[in-house]
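Colleague: What follows is structure_39.tsv, TSV, C-alpha atoms.
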```tsv
chain	number	residue	atom	x	y	z
U	1	MET	CA	-128.16	44.96	-29.94
U	2	ALA	CA	-128.49	41.16	-29.52
U	3	GLY	CA	-130.45	41.55	-26.28
U	4	THR	CA	-132.88	43.97	-27.90
U	5	SER	CA	-133.35	41.61	-30.84
U	6	ARG	CA	-134.16	38.70	-28.54
U	7	ARG	CA	-136.65	40.80	-26.59
U	8	ARG	CA	-138.38	41.80	-29.83
U	9	THR	CA	-138.58	38.13	-30.80
U	10	ALA	CA	-140.16	37.32	-27.45
U	11	ALA	CA	-142.65	40.17	-27.76
U	12	VAL	CA	-143.78	39.11	-31.23
U	13	LEU	CA	-144.15	35.49	-30.16
U	14	THR	CA	-146.03	36.45	-27.03
U	15	ALA	CA	-148.51	38.47	-29.09
U	16	ALA	CA	-148.98	35.57	-31.49
U	17	ILE	CA	-149.56	33.08	-28.70
U	18	THR	CA	-151.94	35.45	-26.94
U	19	LEU	CA	-154.01	35.48	-30.12
U	20	ALA	CA	-153.83	31.69	-30.34
U	21	LEU	CA	-155.01	31.33	-26.77
U	22	ALA	CA	-157.89	33.69	-27.38
U	23	VAL	CA	-159.03	31.42	-30.22
U	24	THR	CA	-158.50	28.07	-28.50
U	25	GLY	CA	-159.35	29.07	-24.93
U	26	CYS	CA	-157.26	28.58	-21.77
U	27	SER	CA	-156.92	25.37	-19.81
U	28	SER	CA	-157.96	25.67	-16.18
U	29	SER	CA	-156.23	22.48	-15.05
U	30	GLY	CA	-152.69	22.10	-13.77
U	31	GLY	CA	-150.69	18.88	-14.00
U	32	LYS	CA	-150.00	16.96	-10.81
U	33	GLN	CA	-146.33	17.11	-9.86
U	34	ALA	CA	-144.73	13.68	-9.80
U	35	GLU	CA	-141.56	11.89	-10.71
U	36	ASP	CA	-143.66	9.21	-12.36
U	37	GLU	CA	-144.46	9.64	-16.04
U	38	SER	CA	-147.91	10.99	-16.89
U	39	ALA	CA	-149.73	11.57	-20.17
U	40	GLY	CA	-152.16	14.30	-21.11
U	41	GLY	CA	-153.56	16.50	-23.84
U	42	GLY	CA	-154.17	15.75	-27.48
U	43	THR	CA	-157.77	15.06	-28.46
U	44	GLY	CA	-157.04	14.86	-32.17
U	45	LYS	CA	-159.64	17.57	-32.88
U	46	GLY	CA	-157.45	20.66	-33.08
U	47	VAL	CA	-155.51	20.13	-36.31
U	48	ASN	CA	-155.46	17.73	-39.23
U	49	THR	CA	-151.84	16.64	-38.86
U	50	PRO	CA	-150.36	13.25	-37.89
U	51	ARG	CA	-150.51	12.33	-34.22
U	52	LEU	CA	-147.21	13.15	-32.48
U	53	LYS	CA	-145.72	11.96	-29.20
U	54	ILE	CA	-143.78	14.64	-27.29
U	55	ALA	CA	-142.02	14.11	-23.96
U	56	MET	CA	-141.10	16.78	-21.43
U	57	VAL	CA	-138.45	15.90	-18.83
U	58	THR	CA	-137.75	18.49	-16.12
U	59	HIS	CA	-135.71	18.86	-12.95
U	60	SER	CA	-138.75	19.61	-10.80
U	61	GLY	CA	-138.69	18.64	-7.15
U	62	GLU	CA	-141.76	17.26	-5.44
U	63	GLY	CA	-144.46	19.86	-4.76
U	64	ASP	CA	-143.03	22.67	-6.92
U	65	THR	CA	-146.16	24.40	-8.26
U	66	PHE	CA	-144.15	26.18	-10.97
U	67	TRP	CA	-144.15	22.99	-13.03
U	68	ASP	CA	-147.91	22.57	-12.71
U	69	ILE	CA	-148.21	25.83	-14.64
U	70	VAL	CA	-145.64	24.75	-17.25
U	71	GLN	CA	-147.58	21.53	-17.77
U	72	SER	CA	-150.85	23.43	-18.05
U	73	GLY	CA	-149.46	25.38	-21.01
U	74	ALA	CA	-147.95	22.28	-22.60
U	75	LYS	CA	-151.21	20.34	-22.32
U	76	GLN	CA	-153.18	23.20	-23.88
U	77	ALA	CA	-150.84	23.24	-26.88
U	78	ALA	CA	-150.92	19.43	-27.05
U	79	ALA	CA	-154.71	19.44	-27.21
U	80	LYS	CA	-154.58	21.95	-30.06
U	81	ASP	CA	-151.79	20.22	-31.98
U	82	ASN	CA	-152.97	16.58	-31.82
U	83	VAL	CA	-150.04	15.64	-29.57
U	84	GLU	CA	-149.73	12.91	-26.96
U	85	PHE	CA	-147.92	14.71	-24.15
U	86	LEU	CA	-145.74	12.75	-21.72
U	87	TYR	CA	-144.33	14.36	-18.59
U	88	SER	CA	-141.70	13.15	-16.14
U	89	ALA	CA	-139.38	14.84	-13.67
U	90	ASN	CA	-136.61	14.28	-11.15
U	91	LYS	CA	-134.50	16.87	-9.36
U	92	GLU	CA	-131.40	14.65	-9.48
U	93	GLY	CA	-129.37	15.07	-12.67
U	94	ASP	CA	-128.58	11.38	-13.17
U	95	GLU	CA	-132.21	10.41	-12.64
U	96	GLN	CA	-133.39	13.09	-15.06
U	97	ALA	CA	-130.95	11.69	-17.62
U	98	GLN	CA	-132.49	8.24	-17.14
U	99	LEU	CA	-135.92	9.72	-17.86
U	100	VAL	CA	-134.56	11.26	-21.07
U	101	ARG	CA	-133.19	7.83	-22.00
U	102	THR	CA	-136.64	6.31	-21.42
U	103	ALA	CA	-138.22	8.93	-23.69
U	104	ILE	CA	-135.71	8.11	-26.44
U	105	ASP	CA	-136.43	4.39	-26.07
U	106	ARG	CA	-140.14	5.15	-26.51
U	107	ARG	CA	-139.29	6.76	-29.85
U	108	VAL	CA	-140.90	10.09	-29.12
U	109	ASP	CA	-141.29	12.57	-31.96
U	110	GLY	CA	-139.93	15.45	-29.93
U	111	LEU	CA	-138.23	16.12	-26.59
U	112	ILE	CA	-138.49	19.08	-24.22
U	113	VAL	CA	-135.88	19.17	-21.47
U	114	THR	CA	-134.50	21.47	-18.79
U	115	LEU	CA	-130.76	21.93	-18.28
U	116	ALA	CA	-130.45	22.75	-14.59
U	117	LYS	CA	-127.62	20.18	-14.43
U	118	PRO	CA	-126.34	20.10	-18.00
U	119	ASP	CA	-123.33	17.87	-17.44
U	120	ALA	CA	-125.57	15.02	-16.31
U	121	LEU	CA	-127.80	15.34	-19.39
U	122	LYS	CA	-125.24	16.03	-22.11
U	123	ALA	CA	-124.78	12.46	-23.36
U	124	GLU	CA	-128.49	11.64	-23.48
U	125	ILE	CA	-129.48	14.83	-25.28
U	126	GLU	CA	-126.76	14.28	-27.86
U	127	LYS	CA	-128.07	10.72	-28.24
U	128	ALA	CA	-131.57	12.07	-28.91
U	129	VAL	CA	-130.31	14.53	-31.52
U	130	LYS	CA	-128.26	11.81	-33.21
U	131	ALA	CA	-131.39	9.63	-33.32
U	132	GLY	CA	-133.21	12.40	-35.22
U	133	ILE	CA	-135.39	13.50	-32.30
U	134	PRO	CA	-135.78	17.31	-32.29
U	135	VAL	CA	-134.99	18.81	-28.88
U	136	VAL	CA	-136.15	22.09	-27.34
U	137	THR	CA	-134.74	23.22	-24.01
U	138	ILE	CA	-136.77	25.32	-21.58
U	139	ASN	CA	-136.38	27.24	-18.35
U	140	SER	CA	-132.76	26.56	-17.39
U	141	GLY	CA	-129.32	26.21	-18.97
U	142	ALA	CA	-129.89	28.44	-22.00
U	143	GLN	CA	-126.15	28.86	-22.56
U	144	PHE	CA	-125.74	25.09	-23.07
U	145	SER	CA	-128.72	24.59	-25.40
U	146	GLU	CA	-127.16	25.31	-28.79
U	147	GLY	CA	-124.00	23.34	-28.03
U	148	LEU	CA	-126.05	20.23	-27.32
U	149	GLY	CA	-127.88	20.48	-30.64
U	150	ALA	CA	-131.25	21.79	-29.44
U	151	LEU	CA	-133.43	23.75	-31.87
U	152	SER	CA	-133.71	26.65	-29.43
U	153	HIS	CA	-134.22	27.58	-25.80
U	154	ILE	CA	-137.43	29.01	-24.33
U	155	GLY	CA	-137.30	30.86	-21.02
U	156	GLN	CA	-135.71	33.86	-19.39
U	157	ASP	CA	-132.06	34.87	-19.35
U	158	GLU	CA	-131.29	34.03	-15.73
U	159	ALA	CA	-128.36	36.44	-15.41
U	160	VAL	CA	-130.49	39.28	-16.80
U	161	ALA	CA	-133.33	38.30	-14.45
U	162	GLY	CA	-130.95	38.42	-11.51
U	163	GLU	CA	-129.72	41.84	-12.56
U	164	ALA	CA	-133.33	43.04	-12.75
U	165	VAL	CA	-133.76	41.99	-9.12
U	166	GLY	CA	-130.60	43.82	-8.11
U	167	GLU	CA	-131.80	46.97	-9.83
U	168	GLU	CA	-135.20	46.73	-8.14
U	169	LEU	CA	-133.54	46.31	-4.73
U	170	ASN	CA	-131.52	49.45	-5.41
U	171	LYS	CA	-134.70	51.37	-6.23
U	172	ARG	CA	-136.20	50.20	-2.95
U	173	GLY	CA	-133.19	51.33	-0.95
U	174	ARG	CA	-132.28	47.87	0.31
U	175	LYS	CA	-128.86	47.44	1.92
U	176	LYS	CA	-128.32	43.77	2.79
U	177	ALA	CA	-129.94	40.85	0.97
U	178	LEU	CA	-129.99	37.10	1.44
U	179	CYS	CA	-130.47	35.03	-1.73
U	180	VAL	CA	-131.92	31.60	-0.89
U	181	ILE	CA	-130.82	28.74	-3.19
U	182	HIS	CA	-133.21	25.81	-2.80
U	183	GLU	CA	-131.36	23.31	-5.02
U	184	GLN	CA	-127.60	23.03	-4.90
U	185	GLY	CA	-125.87	22.55	-8.25
U	186	ASN	CA	-128.69	24.15	-10.25
U	187	VAL	CA	-126.84	26.50	-12.62
U	188	SER	CA	-129.88	28.71	-13.22
U	189	LEU	CA	-130.43	29.42	-9.54
U	190	GLU	CA	-126.78	30.28	-9.10
U	191	GLU	CA	-127.00	32.65	-12.10
U	192	ARG	CA	-129.93	34.47	-10.54
U	193	CYS	CA	-128.09	35.20	-7.31
U	194	ALA	CA	-124.91	36.13	-9.18
U	195	GLY	CA	-126.82	38.51	-11.45
U	196	ALA	CA	-128.46	40.23	-8.48
U	197	LYS	CA	-125.14	40.54	-6.67
U	198	LYS	CA	-123.49	42.04	-9.76
U	199	VAL	CA	-125.68	45.16	-9.84
U	200	PHE	CA	-126.93	45.41	-6.24
U	201	GLU	CA	-125.30	48.37	-4.53
U	202	GLY	CA	-125.68	46.78	-1.10
U	203	SER	CA	-124.28	43.44	0.07
U	204	LEU	CA	-125.73	40.07	-0.92
U	205	GLU	CA	-124.92	36.62	0.36
U	206	THR	CA	-126.38	33.23	-0.48
U	207	LEU	CA	-127.99	30.60	1.72
U	208	ASN	CA	-128.32	27.00	0.56
U	209	VAL	CA	-131.39	25.19	1.88
U	210	GLU	CA	-132.99	21.80	1.38
U	211	GLY	CA	-135.79	22.83	-0.96
U	212	THR	CA	-137.70	19.55	-0.77
U	213	ASN	CA	-137.97	19.91	3.01
U	214	MET	CA	-140.02	23.05	3.61
U	215	PRO	CA	-139.93	22.98	7.45
U	216	ALA	CA	-136.14	22.73	7.33
U	217	THR	CA	-136.01	25.52	4.74
U	218	GLN	CA	-138.11	27.78	6.95
U	219	SER	CA	-135.95	26.99	9.98
U	220	SER	CA	-132.73	27.79	8.08
U	221	ILE	CA	-134.06	31.17	6.94
U	222	GLU	CA	-135.40	31.95	10.41
U	223	ALA	CA	-132.04	31.13	12.01
U	224	LYS	CA	-130.22	33.37	9.55
U	225	LEU	CA	-132.57	36.28	10.25
U	226	GLN	CA	-132.11	35.84	13.98
U	227	SER	CA	-128.32	35.75	13.73
U	228	ASP	CA	-128.01	38.72	11.38
U	229	LYS	CA	-130.37	41.57	12.18
U	230	ASP	CA	-128.93	43.71	9.36
U	231	ILE	CA	-130.59	41.59	6.65
U	232	ASP	CA	-133.36	43.75	5.21
U	233	THR	CA	-134.28	41.58	2.21
U	234	ILE	CA	-134.84	37.90	1.52
U	235	VAL	CA	-134.77	36.91	-2.17
U	236	THR	CA	-136.20	33.47	-2.88
U	237	LEU	CA	-135.77	31.75	-6.23
U	238	GLY	CA	-139.14	29.98	-6.41
U	239	ALA	CA	-142.68	30.82	-5.36
U	240	PRO	CA	-143.13	28.14	-2.65
U	241	PHE	CA	-140.08	29.43	-0.78
U	242	ALA	CA	-141.50	32.93	-0.54
U	243	ALA	CA	-144.31	31.63	1.68
U	244	ALA	CA	-141.77	29.82	3.88
U	245	SER	CA	-139.77	33.05	4.15
U	246	VAL	CA	-142.83	35.03	5.22
U	247	LYS	CA	-143.34	32.56	8.08
U	248	ALA	CA	-139.64	32.62	8.95
U	249	ARG	CA	-139.69	36.42	9.11
U	250	GLU	CA	-142.63	36.35	11.50
U	251	GLN	CA	-140.97	33.81	13.78
U	252	ALA	CA	-137.68	35.72	13.77
U	253	GLY	CA	-139.36	39.06	14.49
U	254	SER	CA	-137.65	40.53	11.44
U	255	GLN	CA	-138.76	43.44	9.26
U	256	ALA	CA	-136.98	42.11	6.16
U	257	GLU	CA	-138.79	42.46	2.84
U	258	ILE	CA	-139.53	39.19	1.03
U	259	ASP	CA	-139.07	39.21	-2.76
U	260	THR	CA	-139.22	36.22	-5.04
U	261	PHE	CA	-138.79	34.74	-8.48
U	262	ASP	CA	-141.89	33.23	-10.07
U	263	LEU	CA	-145.62	33.56	-9.55
U	264	ASN	CA	-148.35	31.32	-8.25
U	265	ALA	CA	-151.72	31.97	-6.64
U	266	GLN	CA	-150.20	32.25	-3.16
U	267	VAL	CA	-147.59	34.79	-4.27
U	268	VAL	CA	-150.29	36.95	-5.85
U	269	LYS	CA	-152.29	36.81	-2.61
U	270	SER	CA	-149.17	37.74	-0.65
U	271	LEU	CA	-148.45	40.66	-2.98
U	272	LYS	CA	-151.99	41.89	-2.43
U	273	ALA	CA	-151.58	41.55	1.35
U	274	LYS	CA	-148.21	43.36	1.14
U	275	GLU	CA	-146.43	40.34	2.65
U	276	ILE	CA	-144.16	40.24	-0.42
U	277	GLY	CA	-142.57	43.26	-2.10
U	278	PHE	CA	-142.25	42.04	-5.69
U	279	ALA	CA	-142.01	38.92	-7.83
U	280	VAL	CA	-140.15	38.13	-11.05
U	281	ASP	CA	-142.45	36.58	-13.64
U	282	GLN	CA	-140.95	34.33	-16.35
U	283	GLN	CA	-144.36	33.13	-17.62
U	284	PRO	CA	-144.10	29.35	-17.13
U	285	TYR	CA	-147.37	28.72	-18.99
U	286	LEU	CA	-145.76	30.18	-22.11
U	287	GLN	CA	-142.67	28.03	-21.65
U	288	GLY	CA	-144.75	24.86	-21.79
U	289	TYR	CA	-147.09	26.07	-24.53
U	290	LEU	CA	-144.37	27.40	-26.83
U	291	ALA	CA	-142.16	24.33	-26.42
U	292	VAL	CA	-144.89	21.93	-27.58
U	293	ASP	CA	-145.94	24.31	-30.33
U	294	GLU	CA	-142.36	24.70	-31.56
U	295	LEU	CA	-141.87	20.94	-31.87
U	296	TRP	CA	-145.20	20.61	-33.70
U	297	LEU	CA	-144.30	23.49	-36.05
U	298	TYR	CA	-140.86	22.03	-36.70
U	299	THR	CA	-142.15	18.51	-37.35
U	300	THR	CA	-145.03	19.59	-39.59
U	301	ASN	CA	-143.50	22.62	-41.32
U	302	ALA	CA	-139.75	22.85	-40.49
U	303	ASN	CA	-140.33	26.09	-38.54
U	304	VAL	CA	-138.00	27.13	-35.70
U	305	LEU	CA	-139.26	29.79	-33.29
U	306	GLY	CA	-136.84	32.69	-32.90
U	307	GLY	CA	-134.70	31.43	-35.79
U	308	GLY	CA	-132.65	29.41	-33.30
U	309	GLU	CA	-132.10	32.34	-30.94
U	310	PRO	CA	-133.37	32.07	-27.33
U	311	VAL	CA	-137.06	32.92	-27.05
U	312	LEU	CA	-137.45	35.07	-23.92
U	313	THR	CA	-140.54	34.74	-21.73
U	314	GLY	CA	-139.25	37.03	-18.97
U	315	PRO	CA	-138.24	38.63	-16.73
U	316	ALA	CA	-140.98	41.04	-15.68
U	317	ILE	CA	-141.17	42.66	-12.24
U	318	VAL	CA	-144.64	42.18	-10.70
U	319	THR	CA	-145.84	44.23	-7.73
U	320	GLU	CA	-149.04	44.86	-5.80
U	321	LYS	CA	-150.36	47.12	-8.58
U	322	ASP	CA	-150.33	44.20	-11.03
U	323	VAL	CA	-152.51	41.96	-8.86
U	324	PRO	CA	-155.91	42.96	-10.37
U	325	ARG	CA	-154.93	41.80	-13.86
U	326	LEU	CA	-153.38	38.53	-12.64
U	327	GLU	CA	-155.71	37.17	-9.96
U	328	LYS	CA	-158.18	35.31	-12.16
U	329	TYR	CA	-155.40	33.72	-14.19
U	330	THR	CA	-153.46	32.46	-11.17
U	331	ALA	CA	-156.75	30.98	-9.91
U	332	ARG	CA	-157.00	29.08	-13.20
U	333	GLY	CA	-153.45	27.79	-12.89
U	334	THR	CA	-152.22	29.53	-16.03
U	335	ARG	CA	-150.11	32.27	-14.33
```
As structure tokens, please, write out the structure in this file.
Modeller:
Amino acid sequence: MAGTSRRRTAAVLTAAITLALAVTGCSSSGGKQAEDESAGGGTGKGVNTPRLKIAMVTHSGEGDTFWDIVQSGAKQAAAKDNVEFLYSANKEGDEQAQLVRTAIDRRVDGLIVTLAKPDALKAEIEKAVKAGIPVVTINSGAQFSEGLGALSHIGQDEAVAGEAVGEELNKRGRKKALCVIHEQGNVSLEERCAGAKKVFEGSLETLNVEGTNMPATQSSIEAKLQSDKDIDTIVTLGAPFAAASVKAREQAGSQAEIDTFDLNAQVVKSLKAKEIGFAVDQQPYLQGYLAVDELWLYTTNANVLGGGEPVLTGPAIVTEKDVPRLEKYTARGTR
């Protein structure tokens, strides 16, 4: 089966990278989230290959800790591979496209980009490929990656991840779920909710919130819980929104279970405290690390991870029982 093949690819790559990390050590620093460009990594001491310049352009909104972890992995690989790593982000598709254009104008040796809003980025990515700049996509928009000329995509299959959530909700006997979309127009977030709805045996509806305004997000979730007492589950699509949902539940006097996509230190603490039922881990550190490593391998040895097939880094369901093995790594900013 194609899905089985991709999972085997991911497992082999994960084992290889785990070995590499054991040799090189793990970075304990996370990149500061910003829409301004920042540079990091690359001491020139890891390998004896020409210095490369690699840019990563994501759709991150301000304050999203997920991308700190992605950057942490990318910077670790950059330090090992003698790479100058440049990071920039903007949640608006047109602005993200402008950042890609800037990276092309700087004549980078490789480009890592997310495809949350692929239509806005299509022309610029094709421009990069035409200019001979190898492109790797990560995290979102896997189904658009090959068509735009990228070497491969690194991340989780969002539809499959959503289905995993739906299956877990069934196991837990949930009946009515609310899936909170924190960025309208993000194809990956929509896929997650759709995947969950596809297999969930109860009812699921979506709620769009303003993800960059956490007080407003909390208020929207609280109002929904107050108006519909039958909701027994809140599914958030990013770690910061799980914490907002916990507060909203308290204010609404609801007993709804909070479940979320993605891990950070706060989510692990909340799992331990039984404030959250489960989380879906897509291993953002690996997404950053593998993307830089793939571009280095391609540039120096014409290697393509996964043979052009998507390289899966998730999903994995994480519960309270997994906390002991994760705590020290989330404290370091690598999980």
Colleague: Quick check, in Å to one decimal: how far apart do atom CA of Ser254 of chain U and atom CA of Ala242 of chain U lie?
Modeller: 14.7 Å
Colleague: Go ahead and compute the interatomic distance for atom CA of Gly162 of chain U and atom CA of Arg249 of chain U, in Å to one decimal.
Modeller: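 Calculated distance between atom CA of Gly162 of chain U and atom CA of Arg249 of chain U is 22.5 Å.
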Colleague: What would the list of residues within 10 Å of (-130.1, 36.7, -0.3) (file frame) look like as a PyMOL selection string, if only C-alpha atoms are what count?
Modeller: chain U and resi 176-181+193+196-197+203-208+221+231-237+258-259
Colleague: Using all atoms listed in the file for the distances, tell me which of U:Asp322, U:Asp105, U:Glu250, U:Asp157 is nearest to Lys272 of chain U.
Modeller: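 Closest residue, counting all atoms listed in the file: U:Asp322.
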Colleague: Please provide as a list of chain:residue names all residues within 8 Å of Gly166 of chain U, with the sequence filter that same-chain residues fewer than 6 positions apart are discarded (counting only C-alpha atoms).
Modeller: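 My list of contacting residues is U:Gly195, U:Ala196, U:Lys197, U:Lys198, U:Val199, U:Phe200, U:Glu201.
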Colleague: Let me make sure I understand: among U:Glu84, U:Glu62, U:Glu146, U:Glu183, which one has the smallest atom-to-atom distance to Ala116 of chain U if we use all atoms listed in the file?
Modeller: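 Using all atoms listed in the file, the shortest distance to Ala116 of chain U belongs to U:Glu183.
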Colleague: Pick the closest to Ala164 of chain U from U:Ala302, U:Ala194, U:Glu294, U:Arg51: which is it, counting all atoms listed in the file?
Modeller: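 Among the listed residues, the smallest separation from Ala164 of chain U belongs to U:Ala194.
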Colleague: Just checking: using only C-alpha atoms, which residue out of U:Lys130, U:Leu189, U:Asp109, U:Thr313 ends up closest to Gly288 of chain U?
Modeller: U:Thr313
Colleague: Hey, which of U:Lys127, U:Arg335, U:Lys122, U:Lys321 ends up closest to Thr102 of chain U? Count only C-alpha atoms.
Modeller: U:Lys127
Colleague: Please, could N, CA and C atoms be added to segment 254-284 of chain U and the result written as a PDB file, in the coordinates of the input?
Modeller:
```pdb
ATOM      1  N   SER U 254    -138.401  39.688  12.370  1.00  0.00           N
ATOM      2  CA  SER U 254    -137.650  40.530  11.440  1.00  0.00           C
ATOM      3  C   SER U 254    -138.577  41.434  10.642  1.00  0.00           C
ATOM      4  N   GLN U 255    -138.025  42.521  10.131  1.00  0.00           N
ATOM      5  CA  GLN U 255    -138.760  43.440   9.260  1.00  0.00           C
ATOM      6  C   GLN U 255    -138.289  43.306   7.804  1.00  0.00           C
ATOM      7  N   ALA U 256    -137.538  42.269   7.505  1.00  0.00           N
ATOM      8  CA  ALA U 256    -136.980  42.110   6.160  1.00  0.00           C
ATOM      9  C   ALA U 256    -138.085  41.979   5.112  1.00  0.00           C
ATOM     10  N   GLU U 257    -137.861  42.596   3.962  1.00  0.00           N
ATOM     11  CA  GLU U 257    -138.790  42.460   2.840  1.00  0.00           C
ATOM     12  C   GLU U 257    -138.544  41.116   2.163  1.00  0.00           C
ATOM     13  N   ILE U 258    -139.631  40.454   1.754  1.00  0.00           N
ATOM     14  CA  ILE U 258    -139.530  39.190   1.030  1.00  0.00           C
ATOM     15  C   ILE U 258    -139.817  39.470  -0.446  1.00  0.00           C
ATOM     16  N   ASP U 259    -138.888  39.097  -1.308  1.00  0.00           N
ATOM     17  CA  ASP U 259    -139.070  39.210  -2.760  1.00  0.00           C
ATOM     18  C   ASP U 259    -138.769  37.847  -3.370  1.00  0.00           C
ATOM     19  N   THR U 260    -139.371  37.575  -4.520  1.00  0.00           N
ATOM     20  CA  THR U 260    -139.220  36.220  -5.040  1.00  0.00           C
ATOM     21  C   THR U 260    -139.211  36.161  -6.562  1.00  0.00           C
ATOM     22  N   PHE U 261    -138.627  35.114  -7.080  1.00  0.00           N
ATOM     23  CA  PHE U 261    -138.790  34.740  -8.480  1.00  0.00           C
ATOM     24  C   PHE U 261    -140.047  33.887  -8.583  1.00  0.00           C
ATOM     25  N   ASP U 262    -140.755  34.063  -9.668  1.00  0.00           N
ATOM     26  CA  ASP U 262    -141.890  33.230 -10.070  1.00  0.00           C
ATOM     27  C   ASP U 262    -143.189  33.560  -9.324  1.00  0.00           C
ATOM     28  N   LEU U 263    -144.272  33.297 -10.043  1.00  0.00           N
ATOM     29  CA  LEU U 263    -145.620  33.560  -9.550  1.00  0.00           C
ATOM     30  C   LEU U 263    -146.373  32.261  -9.313  1.00  0.00           C
ATOM     31  N   ASN U 264    -147.267  32.277  -8.357  1.00  0.00           N
ATOM     32  CA  ASN U 264    -148.350  31.320  -8.250  1.00  0.00           C
ATOM     33  C   ASN U 264    -149.476  32.026  -7.514  1.00  0.00           C
ATOM     34  N   ALA U 265    -150.566  31.333  -7.267  1.00  0.00           N
ATOM     35  CA  ALA U 265    -151.720  31.970  -6.640  1.00  0.00           C
ATOM     36  C   ALA U 265    -151.375  32.537  -5.264  1.00  0.00           C
ATOM     37  N   GLN U 266    -150.555  31.800  -4.498  1.00  0.00           N
ATOM     38  CA  GLN U 266    -150.200  32.250  -3.160  1.00  0.00           C
ATOM     39  C   GLN U 266    -149.344  33.512  -3.203  1.00  0.00           C
ATOM     40  N   VAL U 267    -148.425  33.592  -4.151  1.00  0.00           N
ATOM     41  CA  VAL U 267    -147.590  34.790  -4.270  1.00  0.00           C
ATOM     42  C   VAL U 267    -148.442  36.002  -4.606  1.00  0.00           C
ATOM     43  N   VAL U 268    -149.410  35.834  -5.506  1.00  0.00           N
ATOM     44  CA  VAL U 268    -150.290  36.950  -5.850  1.00  0.00           C
ATOM     45  C   VAL U 268    -151.093  37.401  -4.638  1.00  0.00           C
ATOM     46  N   LYS U 269    -151.573  36.462  -3.844  1.00  0.00           N
ATOM     47  CA  LYS U 269    -152.290  36.810  -2.610  1.00  0.00           C
ATOM     48  C   LYS U 269    -151.369  37.550  -1.645  1.00  0.00           C
ATOM     49  N   SER U 270    -150.127  37.101  -1.556  1.00  0.00           N
ATOM     50  CA  SER U 270    -149.170  37.740  -0.650  1.00  0.00           C
ATOM     51  C   SER U 270    -148.767  39.129  -1.122  1.00  0.00           C
ATOM     52  N   LEU U 271    -148.690  39.319  -2.445  1.00  0.00           N
ATOM     53  CA  LEU U 271    -148.450  40.660  -2.980  1.00  0.00           C
ATOM     54  C   LEU U 271    -149.596  41.594  -2.596  1.00  0.00           C
ATOM     55  N   LYS U 272    -150.805  41.091  -2.738  1.00  0.00           N
ATOM     56  CA  LYS U 272    -151.990  41.890  -2.430  1.00  0.00           C
ATOM     57  C   LYS U 272    -152.027  42.254  -0.947  1.00  0.00           C
ATOM     58  N   ALA U 273    -151.592  41.318  -0.097  1.00  0.00           N
ATOM     59  CA  ALA U 273    -151.580  41.550   1.350  1.00  0.00           C
ATOM     60  C   ALA U 273    -150.335  42.303   1.811  1.00  0.00           C
ATOM     61  N   LYS U 274    -149.462  42.650   0.865  1.00  0.00           N
ATOM     62  CA  LYS U 274    -148.210  43.360   1.140  1.00  0.00           C
ATOM     63  C   LYS U 274    -147.267  42.555   2.036  1.00  0.00           C
ATOM     64  N   GLU U 275    -147.372  41.221   1.948  1.00  0.00           N
ATOM     65  CA  GLU U 275    -146.430  40.340   2.650  1.00  0.00           C
ATOM     66  C   GLU U 275    -145.166  40.135   1.822  1.00  0.00           C
ATOM     67  N   ILE U 276    -145.281  40.355   0.507  1.00  0.00           N
ATOM     68  CA  ILE U 276    -144.160  40.240  -0.420  1.00  0.00           C
ATOM     69  C   ILE U 276    -144.033  41.552  -1.178  1.00  0.00           C
ATOM     70  N   GLY U 277    -142.795  41.983  -1.414  1.00  0.00           N
ATOM     71  CA  GLY U 277    -142.570  43.260  -2.100  1.00  0.00           C
ATOM     72  C   GLY U 277    -142.765  43.172  -3.598  1.00  0.00           C
ATOM     73  N   PHE U 278    -142.094  42.207  -4.244  1.00  0.00           N
ATOM     74  CA  PHE U 278    -142.250  42.040  -5.690  1.00  0.00           C
ATOM     75  C   PHE U 278    -141.904  40.609  -6.078  1.00  0.00           C
ATOM     76  N   ALA U 279    -142.327  40.229  -7.273  1.00  0.00           N
ATOM     77  CA  ALA U 279    -142.010  38.920  -7.830  1.00  0.00           C
ATOM     78  C   ALA U 279    -141.475  39.092  -9.239  1.00  0.00           C
ATOM     79  N   VAL U 280    -140.683  38.131  -9.693  1.00  0.00           N
ATOM     80  CA  VAL U 280    -140.150  38.130 -11.050  1.00  0.00           C
ATOM     81  C   VAL U 280    -140.886  37.063 -11.846  1.00  0.00           C
ATOM     82  N   ASP U 281    -141.618  37.501 -12.859  1.00  0.00           N
ATOM     83  CA  ASP U 281    -142.450  36.580 -13.640  1.00  0.00           C
ATOM     84  C   ASP U 281    -141.725  36.151 -14.909  1.00  0.00           C
ATOM     85  N   GLN U 282    -141.560  34.832 -15.110  1.00  0.00           N
ATOM     86  CA  GLN U 282    -140.950  34.330 -16.350  1.00  0.00           C
ATOM     87  C   GLN U 282    -141.971  33.585 -17.202  1.00  0.00           C
ATOM     88  N   GLN U 283    -143.252  33.675 -16.841  1.00  0.00           N
ATOM     89  CA  GLN U 283    -144.360  33.130 -17.620  1.00  0.00           C
ATOM     90  C   GLN U 283    -144.192  31.632 -17.944  1.00  0.00           C
ATOM     91  N   PRO U 284    -144.271  30.783 -16.926  1.00  0.00           N
ATOM     92  CA  PRO U 284    -144.100  29.350 -17.130  1.00  0.00           C
ATOM     93  C   PRO U 284    -145.126  28.720 -18.061  1.00  0.00           C
TER      94      PRO U 284
END
```
